[in-house]
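Source file: run.txt; contents: compact mmCIF, C-alpha atoms.
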# COMPACT_ATOMS: atom_id res chain seq x y z
CA MET A 1366 0.00 0.00 0.00
CA GLY A 1367 1.38 3.37 -1.01
CA LYS A 1368 1.52 6.45 1.18
CA VAL A 1369 -0.70 9.43 0.45
CA ILE A 1370 0.87 12.86 0.87
CA VAL A 1371 -0.99 16.14 0.61
CA VAL A 1372 0.98 19.26 -0.31
CA THR A 1373 -1.03 22.16 1.06
CA SER A 1374 -0.72 25.74 2.32
CA GLY A 1375 -3.95 27.71 2.38
CA LYS A 1376 -2.32 30.66 0.68
CA GLY A 1377 -1.74 30.65 -3.06
CA GLY A 1378 1.55 31.18 -4.81
CA VAL A 1379 3.78 29.85 -2.06
CA GLY A 1380 5.07 26.87 -4.07
CA LYS A 1381 2.67 23.95 -3.65
CA THR A 1382 2.75 22.90 -7.30
CA THR A 1383 6.48 23.51 -7.66
CA SER A 1384 7.11 21.46 -4.53
CA SER A 1385 4.71 18.67 -5.52
CA ALA A 1386 6.50 18.28 -8.85
CA ALA A 1387 9.98 18.56 -7.33
CA LEU A 1388 9.33 16.11 -4.50
CA GLY A 1389 7.53 13.69 -6.84
CA ALA A 1390 10.39 13.71 -9.32
CA ALA A 1391 12.98 13.34 -6.56
CA LEU A 1392 11.15 10.34 -5.08
CA ALA A 1393 10.77 8.76 -8.52
CA GLN A 1394 14.46 9.20 -9.29
CA ASN A 1395 15.15 7.01 -6.29
CA GLY A 1396 13.27 4.27 -8.14
CA GLU A 1397 9.97 4.56 -6.31
CA LYS A 1398 6.70 4.54 -8.17
CA VAL A 1399 5.12 7.98 -7.79
CA VAL A 1400 1.94 9.65 -8.98
CA VAL A 1401 1.33 13.36 -8.56
CA VAL A 1402 -2.36 14.29 -8.55
CA ASP A 1403 -3.57 17.80 -9.38
CA PHE A 1404 -6.64 18.75 -7.31
CA ASP A 1405 -6.89 22.29 -8.64
CA VAL A 1406 -9.94 21.78 -10.85
CA GLY A 1407 -10.41 24.77 -13.13
CA LEU A 1408 -6.92 26.16 -12.55
CA ARG A 1409 -4.65 23.23 -13.21
CA ASN A 1410 -0.95 23.93 -13.53
CA LEU A 1411 0.87 20.81 -12.43
CA ASP A 1412 0.78 19.58 -16.04
CA LEU A 1413 2.54 22.76 -17.14
CA VAL A 1414 5.18 22.67 -14.41
CA MET A 1415 5.89 19.02 -15.26
CA GLY A 1416 6.00 19.67 -18.99
CA ALA A 1417 3.05 17.43 -19.84
CA GLU A 1418 0.52 20.11 -20.82
CA ARG A 1419 0.29 18.90 -24.40
CA ARG A 1420 -0.28 15.28 -23.46
CA VAL A 1421 -3.39 15.69 -21.31
CA VAL A 1422 -6.28 13.68 -22.73
CA TYR A 1423 -8.32 12.65 -19.71
CA ASP A 1424 -8.31 14.08 -16.21
CA LEU A 1425 -9.31 13.42 -12.61
CA VAL A 1426 -12.91 14.53 -13.18
CA ASN A 1427 -13.25 12.25 -16.23
CA VAL A 1428 -12.16 9.32 -14.05
CA ILE A 1429 -14.52 10.27 -11.22
CA GLN A 1430 -17.45 10.63 -13.63
CA GLY A 1431 -16.66 7.27 -15.22
CA GLU A 1432 -15.82 8.80 -18.61
CA ALA A 1433 -12.31 7.38 -18.56
CA LYS A 1434 -10.48 4.56 -16.83
CA LEU A 1435 -7.73 5.52 -14.39
CA PRO A 1436 -4.85 4.08 -16.50
CA GLN A 1437 -6.07 6.13 -19.48
CA ALA A 1438 -5.86 9.35 -17.53
CA LEU A 1439 -2.40 8.75 -16.05
CA ILE A 1440 0.42 10.45 -17.93
CA ARG A 1441 3.83 8.85 -17.70
CA ASP A 1442 6.78 11.24 -17.43
CA LYS A 1443 9.13 11.11 -20.43
CA ARG A 1444 12.28 11.52 -18.33
CA VAL A 1445 11.63 9.36 -15.28
CA GLU A 1446 9.68 6.23 -16.03
CA THR A 1447 8.34 5.65 -12.51
CA LEU A 1448 6.81 9.14 -12.36
CA TYR A 1449 3.17 9.69 -13.33
CA LEU A 1450 0.80 12.62 -13.40
CA LEU A 1451 -2.96 12.67 -12.95
CA PRO A 1452 -4.07 16.09 -14.22
CA ALA A 1453 -7.02 18.12 -12.98
CA SER A 1454 -9.81 19.20 -15.27
CA GLN A 1455 -9.44 22.67 -16.71
CA THR A 1456 -12.98 23.16 -17.96
CA ARG A 1457 -15.18 21.40 -15.43
CA ASP A 1458 -16.73 22.88 -12.36
CA LYS A 1459 -15.04 21.87 -9.14
CA ASP A 1460 -18.36 20.52 -7.87
CA ASN A 1461 -17.64 17.52 -10.06
CA LEU A 1462 -15.08 16.51 -7.49
CA THR A 1463 -17.18 14.27 -5.25
CA PRO A 1464 -16.00 12.79 -1.94
CA GLU A 1465 -16.95 9.27 -3.07
CA GLY A 1466 -15.20 9.69 -6.41
CA VAL A 1467 -12.00 10.99 -4.83
CA GLU A 1468 -12.04 8.15 -2.31
CA LYS A 1469 -12.23 5.55 -5.09
CA VAL A 1470 -9.45 7.14 -7.14
CA ILE A 1471 -7.12 7.47 -4.15
CA ALA A 1472 -7.79 3.88 -3.09
CA ALA A 1473 -6.92 2.65 -6.60
CA LEU A 1474 -3.77 4.81 -6.78
CA LYS A 1475 -2.59 3.60 -3.36
CA LYS A 1476 -2.64 0.03 -4.66
CA ALA A 1477 -0.57 0.83 -7.74
CA PHE A 1478 1.94 3.38 -6.44
CA ASP A 1479 4.44 3.74 -3.58
CA TRP A 1480 3.62 7.43 -3.20
CA VAL A 1481 0.48 9.37 -4.07
CA ILE A 1482 1.19 13.11 -3.90
CA CYS A 1483 -1.91 15.31 -3.84
CA ASP A 1484 -1.25 18.86 -4.99
CA SER A 1485 -3.88 20.92 -3.17
CA PRO A 1486 -5.45 24.08 -4.57
CA ALA A 1487 -5.15 27.27 -2.52
CA GLY A 1488 -7.95 28.15 -0.15
CA ILE A 1489 -9.98 26.01 2.24
CA GLU A 1490 -12.85 25.08 -0.08
CA ARG A 1491 -13.89 21.73 -1.49
CA GLY A 1492 -10.79 21.09 -3.62
CA ALA A 1493 -8.45 21.74 -0.72
CA THR A 1494 -10.42 19.71 1.82
CA LEU A 1495 -10.77 16.78 -0.59
CA ALA A 1496 -7.06 16.86 -1.41
CA MET A 1497 -6.19 16.48 2.28
CA ARG A 1498 -9.04 14.11 3.16
CA HIS A 1499 -7.22 10.80 2.58
CA ALA A 1500 -3.69 11.87 3.40
CA ASP A 1501 -1.34 9.89 5.63
CA ILE A 1502 1.21 12.71 5.66
CA ALA A 1503 0.77 16.45 5.15
CA ILE A 1504 3.43 18.78 3.82
CA VAL A 1505 2.59 22.37 4.72
CA VAL A 1506 4.32 24.74 2.31
CA THR A 1507 5.01 28.12 3.91
CA ASN A 1508 6.83 31.30 2.91
CA PRO A 1509 8.60 33.30 5.65
CA GLU A 1510 5.95 35.99 5.43
CA VAL A 1511 3.06 36.91 7.76
CA SER A 1512 0.06 36.05 5.56
CA SER A 1513 1.51 32.71 4.54
CA VAL A 1514 2.26 31.74 8.15
CA ARG A 1515 -1.25 32.70 9.26
CA ASP A 1516 -2.87 30.65 6.49
CA SER A 1517 -0.62 27.69 7.27
CA ASP A 1518 -1.80 27.82 10.87
CA ARG A 1519 -5.38 27.65 9.64
CA ILE A 1520 -4.58 24.71 7.38
CA ILE A 1521 -2.87 22.86 10.24
CA GLY A 1522 -6.12 23.27 12.18
CA LEU A 1523 -8.09 21.73 9.30
CA LEU A 1524 -5.59 18.87 8.95
CA ASP A 1525 -6.21 18.07 12.61
CA SER A 1526 -10.00 18.15 12.29
CA LYS A 1527 -11.30 17.61 8.76
CA THR A 1528 -9.22 14.64 7.56
CA LEU A 1529 -10.10 10.95 7.79
CA LYS A 1530 -7.14 10.41 10.11
CA ALA A 1531 -8.33 13.14 12.45
CA GLU A 1532 -11.91 11.86 12.41
CA ASN A 1533 -10.66 8.38 13.32
CA GLY A 1534 -8.81 9.85 16.27
CA GLU A 1535 -5.41 9.26 14.70
CA ARG A 1536 -2.60 11.78 14.55
CA MET A 1537 -1.90 13.35 11.18
CA GLU A 1538 1.81 13.45 10.41
CA LYS A 1539 2.59 17.05 9.44
CA HIS A 1540 5.78 18.56 8.06
CA LEU A 1541 6.76 22.13 7.34
CA LEU A 1542 8.43 22.94 4.03
CA LEU A 1543 9.74 26.48 4.17
CA THR A 1544 10.05 27.84 0.62
CA ARG A 1545 11.44 31.00 -0.98
CA TYR A 1546 13.74 31.48 1.98
CA ASP A 1547 16.40 34.15 1.67
CA PRO A 1548 19.07 33.61 4.34
CA ALA A 1549 20.67 37.02 3.75
CA ARG A 1550 17.42 38.90 4.32
CA ALA A 1551 16.60 36.77 7.37
CA GLU A 1552 20.07 37.47 8.75
CA ARG A 1553 19.50 41.22 8.33
CA GLY A 1554 16.25 40.91 10.27
CA ASP A 1555 14.04 41.72 7.30
CA MET A 1556 12.52 38.27 6.94
CA LEU A 1557 11.09 35.84 9.46
CA LYS A 1558 13.76 33.35 10.42
CA VAL A 1559 13.39 29.59 10.25
CA ASP A 1560 13.15 29.37 14.03
CA ASP A 1561 10.47 32.08 14.16
CA VAL A 1562 8.23 30.15 11.77
CA LEU A 1563 8.95 26.84 13.52
CA GLU A 1564 8.12 28.32 16.91
CA ILE A 1565 4.85 29.80 15.68
CA LEU A 1566 3.59 26.79 13.73
CA SER A 1567 5.25 24.14 15.92
CA ILE A 1568 5.37 21.33 13.39
CA PRO A 1569 8.62 19.56 12.43
CA LEU A 1570 10.72 20.96 9.60
CA LEU A 1571 11.05 18.90 6.43
CA GLY A 1572 13.29 21.29 4.56
CA ILE A 1573 14.21 24.83 3.62
CA ILE A 1574 14.04 25.68 -0.08
CA PRO A 1575 16.03 28.82 -0.89
CA GLU A 1576 14.64 31.58 -3.08
CA SER A 1577 16.29 30.83 -6.41
CA MET A 1578 16.24 31.63 -10.10
CA ASP A 1579 16.63 27.90 -10.75
CA VAL A 1580 13.01 27.30 -9.69
CA LEU A 1581 11.65 29.79 -12.23
CA ARG A 1582 13.98 28.49 -14.91
CA ALA A 1583 12.79 24.94 -14.33
CA SER A 1584 9.12 25.90 -14.58
CA ASN A 1585 9.87 27.87 -17.76
CA LEU A 1586 11.27 24.66 -19.20
CA GLY A 1587 8.43 22.49 -17.94
CA SER A 1588 10.61 20.39 -15.74
CA PRO A 1589 10.50 19.74 -11.99
CA VAL A 1590 13.53 21.54 -10.56
CA THR A 1591 14.89 18.24 -9.25
CA LEU A 1592 15.07 17.01 -12.87
CA ALA A 1593 16.10 20.25 -14.56
CA ASP A 1594 19.22 20.86 -12.48
CA GLU A 1595 19.98 18.23 -9.88
CA GLY A 1596 22.92 20.12 -8.46
CA SER A 1597 21.20 23.47 -7.89
CA ALA A 1598 20.59 24.69 -4.33
CA PRO A 1599 16.77 24.22 -4.41
CA SER A 1600 17.17 20.74 -5.94
CA ARG A 1601 19.56 19.65 -3.23
CA ALA A 1602 17.14 20.97 -0.62
CA TYR A 1603 14.28 18.98 -2.19
CA PHE A 1604 16.39 15.80 -2.40
CA ASP A 1605 17.26 16.20 1.28
CA ALA A 1606 13.59 16.75 2.12
CA VAL A 1607 12.75 13.47 0.37
CA ARG A 1608 15.35 11.63 2.44
CA ARG A 1609 13.77 13.02 5.61
CA LEU A 1610 10.32 12.11 4.34
CA LYS A 1611 11.52 8.53 4.10
CA GLY A 1612 12.57 8.62 7.72
CA GLU A 1613 16.24 9.49 7.52
CA ALA A 1614 17.47 11.68 10.40
CA LEU A 1615 19.24 14.23 8.27
CA PRO A 1616 19.94 17.58 9.96
CA VAL A 1617 18.37 20.57 8.20
CA THR A 1618 20.73 23.32 7.16
CA VAL A 1619 19.92 26.73 5.76
CA PRO A 1620 20.90 26.52 2.09
CA GLY A 1621 23.28 29.08 0.67
CA GLU A 1622 24.54 30.17 4.04
CA ARG A 1623 28.26 30.47 4.67
CA ARG A 1624 29.18 27.20 6.26
CA SER A 1625 32.50 28.39 7.64
CA PHE A 1626 31.21 30.54 10.45
CA PHE A 1627 27.42 30.39 10.65
CA GLY A 1628 27.03 26.94 9.24
CA LYS A 1629 27.60 25.01 12.42
CA LEU A 1630 25.53 27.43 14.47
CA PHE A 1631 22.53 26.99 12.20
CA GLY A 1632 22.70 23.27 11.70
CA ARG A 1633 19.35 21.91 12.77
CA LYS A 1634 17.92 18.63 13.82
CA ALA A 1635 15.52 17.15 11.31
CA ALA A 1636 11.88 16.45 11.99
CA MET B 202 23.35 59.22 4.07
CA ASN B 203 22.62 55.77 2.78
CA LEU B 204 24.87 54.31 5.41
CA PHE B 205 23.01 56.22 8.09
CA ARG B 206 19.68 54.93 6.84
CA PHE B 207 21.02 51.41 6.75
CA PHE B 208 21.91 51.52 10.42
CA SER B 209 18.91 53.48 11.64
CA LYS B 210 16.30 51.31 9.93
CA THR B 211 14.89 48.91 12.48
CA GLN B 212 14.46 45.28 11.63
CA SER B 213 10.97 44.27 10.56
CA ALA B 214 11.12 40.53 11.20
CA PRO B 215 10.72 40.78 15.01
CA ALA B 216 7.54 42.83 14.48
CA ALA B 217 6.19 40.20 12.08
CA ARG B 218 6.94 37.49 14.58
CA GLU B 219 5.22 39.28 17.46
CA ARG B 220 2.14 40.21 15.47
CA LEU B 221 1.73 36.63 14.29
CA GLN B 222 2.10 35.21 17.77
CA VAL B 223 -0.62 37.42 19.19
CA LEU B 224 -2.97 36.99 16.23
CA LEU B 225 -2.64 33.22 16.09
CA ALA B 226 -3.11 32.83 19.83
CA HIS B 227 -6.49 34.54 19.38
CA GLU B 228 -7.43 32.71 16.18
CA ARG B 229 -6.63 29.32 17.69
CA ALA B 230 -8.81 30.14 20.70
CA SER B 231 -11.70 31.31 18.54
CA ALA B 232 -11.54 28.19 16.36
CA GLY B 233 -12.73 26.27 19.42
CA GLY B 234 -15.63 28.70 19.80
CA SER B 235 -14.24 30.29 22.94
CA ASP B 236 -13.54 33.81 21.73
CA LEU B 237 -14.58 35.61 24.90
CA VAL B 238 -14.11 39.11 23.54
CA ALA B 239 -16.29 38.48 20.50
CA LYS B 240 -18.94 36.84 22.67
CA LEU B 241 -18.95 39.77 25.08
CA LYS B 242 -19.33 42.20 22.21
CA ASP B 243 -22.37 40.32 20.85
CA GLU B 244 -24.06 40.03 24.23
CA ILE B 245 -23.46 43.62 25.25
CA LEU B 246 -25.00 44.84 22.01
CA ARG B 247 -27.93 42.48 22.47
CA VAL B 248 -28.62 43.82 25.96
CA ILE B 249 -28.46 47.40 24.78
CA SER B 250 -30.81 46.72 21.88
CA ARG B 251 -33.33 45.32 24.36
CA HIS B 252 -33.64 48.78 25.89
CA MET B 253 -33.31 51.00 22.88
CA GLN B 254 -33.26 51.00 19.12
CA ILE B 255 -29.59 50.83 18.24
CA ASP B 256 -28.58 53.12 15.44
CA GLN B 257 -25.62 51.29 13.91
CA ASP B 258 -23.98 54.61 13.00
CA LYS B 259 -24.04 55.71 16.64
CA VAL B 260 -22.33 52.63 18.00
CA SER B 261 -18.61 52.20 17.90
CA VAL B 262 -17.10 48.93 18.98
CA LYS B 263 -13.36 48.76 19.36
CA MET B 264 -11.49 45.60 20.07
CA GLU B 265 -7.82 45.47 20.81
CA ARG B 266 -6.36 42.01 21.06
CA GLY B 267 -3.21 42.03 23.09
CA GLU B 268 -0.75 39.39 24.16
CA GLN B 269 -1.73 39.41 27.84
CA VAL B 270 -4.82 41.61 27.89
CA SER B 271 -7.54 42.31 25.36
CA THR B 272 -9.77 45.34 25.63
CA LEU B 273 -13.29 45.87 24.41
CA ALA B 274 -14.70 49.37 24.17
CA VAL B 275 -18.37 49.79 23.30
CA ASP B 276 -19.33 53.38 22.76
CA VAL B 277 -23.08 53.91 22.34
CA GLU B 278 -24.74 57.24 21.88
CA ILE B 279 -27.99 57.29 23.85
CA PRO B 280 -30.34 60.04 22.71
CA PHE B 281 -32.42 61.71 25.42
CA ASN B 282 -35.75 60.57 23.99
CA ALA B 283 -34.56 56.97 23.80
CA ALA B 284 -34.35 56.82 27.57
CA LYS B 285 -37.82 58.39 27.87
CA ALA B 286 -39.25 56.03 25.28
CA ALA B 287 -37.84 53.04 27.16
CA ALA B 288 -39.32 54.32 30.44
CA GLY B 289 -42.65 54.88 28.75
CA ARG B 290 -42.60 51.37 27.32
CA LYS B 291 -42.00 49.91 30.77
CA LYS B 292 -44.95 51.80 32.27
CA ALA B 293 -47.21 50.66 29.48
CA ALA B 294 -46.22 47.03 29.99
Rendering of file as structure tokens:
Amino acid sequence: MGKVIVVTSGKGGVGKTTSSAALGAALAQNGEKVVVVDFDVGLRNLDLVMGAERRVVYDLVNVIQGEAKLPQALIRDKRVETLYLLPASQTRDKDNLTPEGVEKVIAALKKAFDWVICDSPAGIERGATLAMRHADIAIVVTNPEVSSVRDSDRIIGLLDSKTLKAENGERMEKHLLLTRYDPARAERGDMLKVDDVLEILSIPLLGIIPESMDVLRASNLGSPVTLADEGSAPSRAYFDAVRRLKGEALPVTVPGERRSFFGKLFGRKAA
Amino acid sequence: MNLFRFFSKTQSAPAARERLQVLLAHERASAGGSDLVAKLKDEILRVISRHMQIDQDKVSVKMERGEQVSTLAVDVEIPFNAAKAAAGRKKAA
């Protein structure tokens, strides 16, 4: 049985889709079978970020409505053969996303894949709550910025109340992925620091993704950053996050920071 | 000049951190339906409206949520004839 991960945030534009694609590709490069599911019905973008926008025939809503079989809707990545995408519908209304339909699709995907990554839409409406509903693990994507932190706090509350795990009295495993982090600005006191965000949200840290041109360049090319440039700072941060996700106790470091003097001071324990 | 500005400009991150801590402490409490300040505000206004017609423009409610202490200030303008009308209503009843 595969594990279901939801990548969520509440706020839009913080890097959910970028992170879903990057983490999915990183996991798949390690040989694991991965499917990334776009829940953003009406505003899909995961296909674009993964470079599969011209290969979409069927989508999640088609599968739920019985207009297509699940294997027909899955798009296999051309670069990594264990990586698949299930796109969202661009034209349908998001009311077509039914709880029963989503449950069936997730159950089928869990049987066929090691990891099912659900890319949540922004907000706290139907799409977002259905994306998190069946999750075993939640990755909360947050920018070091007040509105993003506030929305993440709200989402953490929903993860602890509106998911199947929560309703069954189980504990939802939650991880913080801090994205667009600029160590220089944080050091100057102009950006919330890692420890500030961790103290406020109090969930374990999965990784820190530095603000980087490489992320934009990768999305321009239609490639998850972990495929476009494996050696870049954000890629290395995503690869490390994946190792932690799989249970490795890898200390979290602030990427791009001078290791010589500050490095040891800022070395952190992983989740 | 630039150098002076660089040193005199206070850091903004500590302010962000503090504001978030206070705000989220209140939001977490209200998620459980135990936002005392909001409840007080509603009940106070309900009591006042029992005795007089509240003109929404004449009521100012100010809430200040602090780290240790929150304050609630309800400022209602009571016209002279409102008090008389209320007294008259009581006699009639």
What does the structure give for the distance between atom CA of A:Val1514 and atom CA of A:Ala1387, in Å to one decimal?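 Distance between the two atoms: 21.7 Å.
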Quick check, in Å to one decimal: how far apart do atom CA of A:Arg1553 and atom CA of B:Gly267 lie? 27.1 Å
Counting all atoms listed in the file, collect the residues of chain B whose closest atom lies at most 6 Å from chain A, and write them out as a list in words.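 The contacting residues on chain B are Gln212, Ser213 and Ala214 of chain B.
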In Å, rounded to a single decimal, give me how far atom CA of A:Val1426 is from atom CA of A:His1499. 17.2 Å
Taking into account only C-alpha atoms, which residue in the set A:Ala1606, A:Ile1504, A:Leu1474, A:Leu1571 is nearest to A:Val1428?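 Counting only C-alpha atoms, the residue closest to A:Val1428 is A:Leu1474.
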Env of A:Met1497: 9 Å cut, atoms = all atoms listed in the file, seq-sep filter 5 positions within chain, self excluded. Answer as number ranges by chain. A: 1370-1373, 1483, 1485, 1492, 1502-1503, 1523-1524, 1527-1529
Which residues are near A:Ile1440? Cut-off 9 Å, all atoms listed in the file, ignore same chain within fewer than 4 positions. Put them as a list in words.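 Surrounding residues, per the criterion: Ala1417, Arg1420, Val1421, Val1422, Pro1436, Leu1448, Tyr1449, Leu1450, Leu1451 and Pro1452 of chain A.
Between A:Glu1468 and the candidates A:Ile1568, A:Leu1392, A:Leu1543, A:Ala1496, the tightest atom-to-atom separation, counting all atoms listed in the file, involves A:Ala1496.
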Using all atoms listed in the file, list the residues that have an atom at most 9 Å from (15.1, 8.3, -3.8), coordinates as in the file, as an MDAnalysis selection string. chainID A and resid 1391:1397 1604 1607:1608 1611
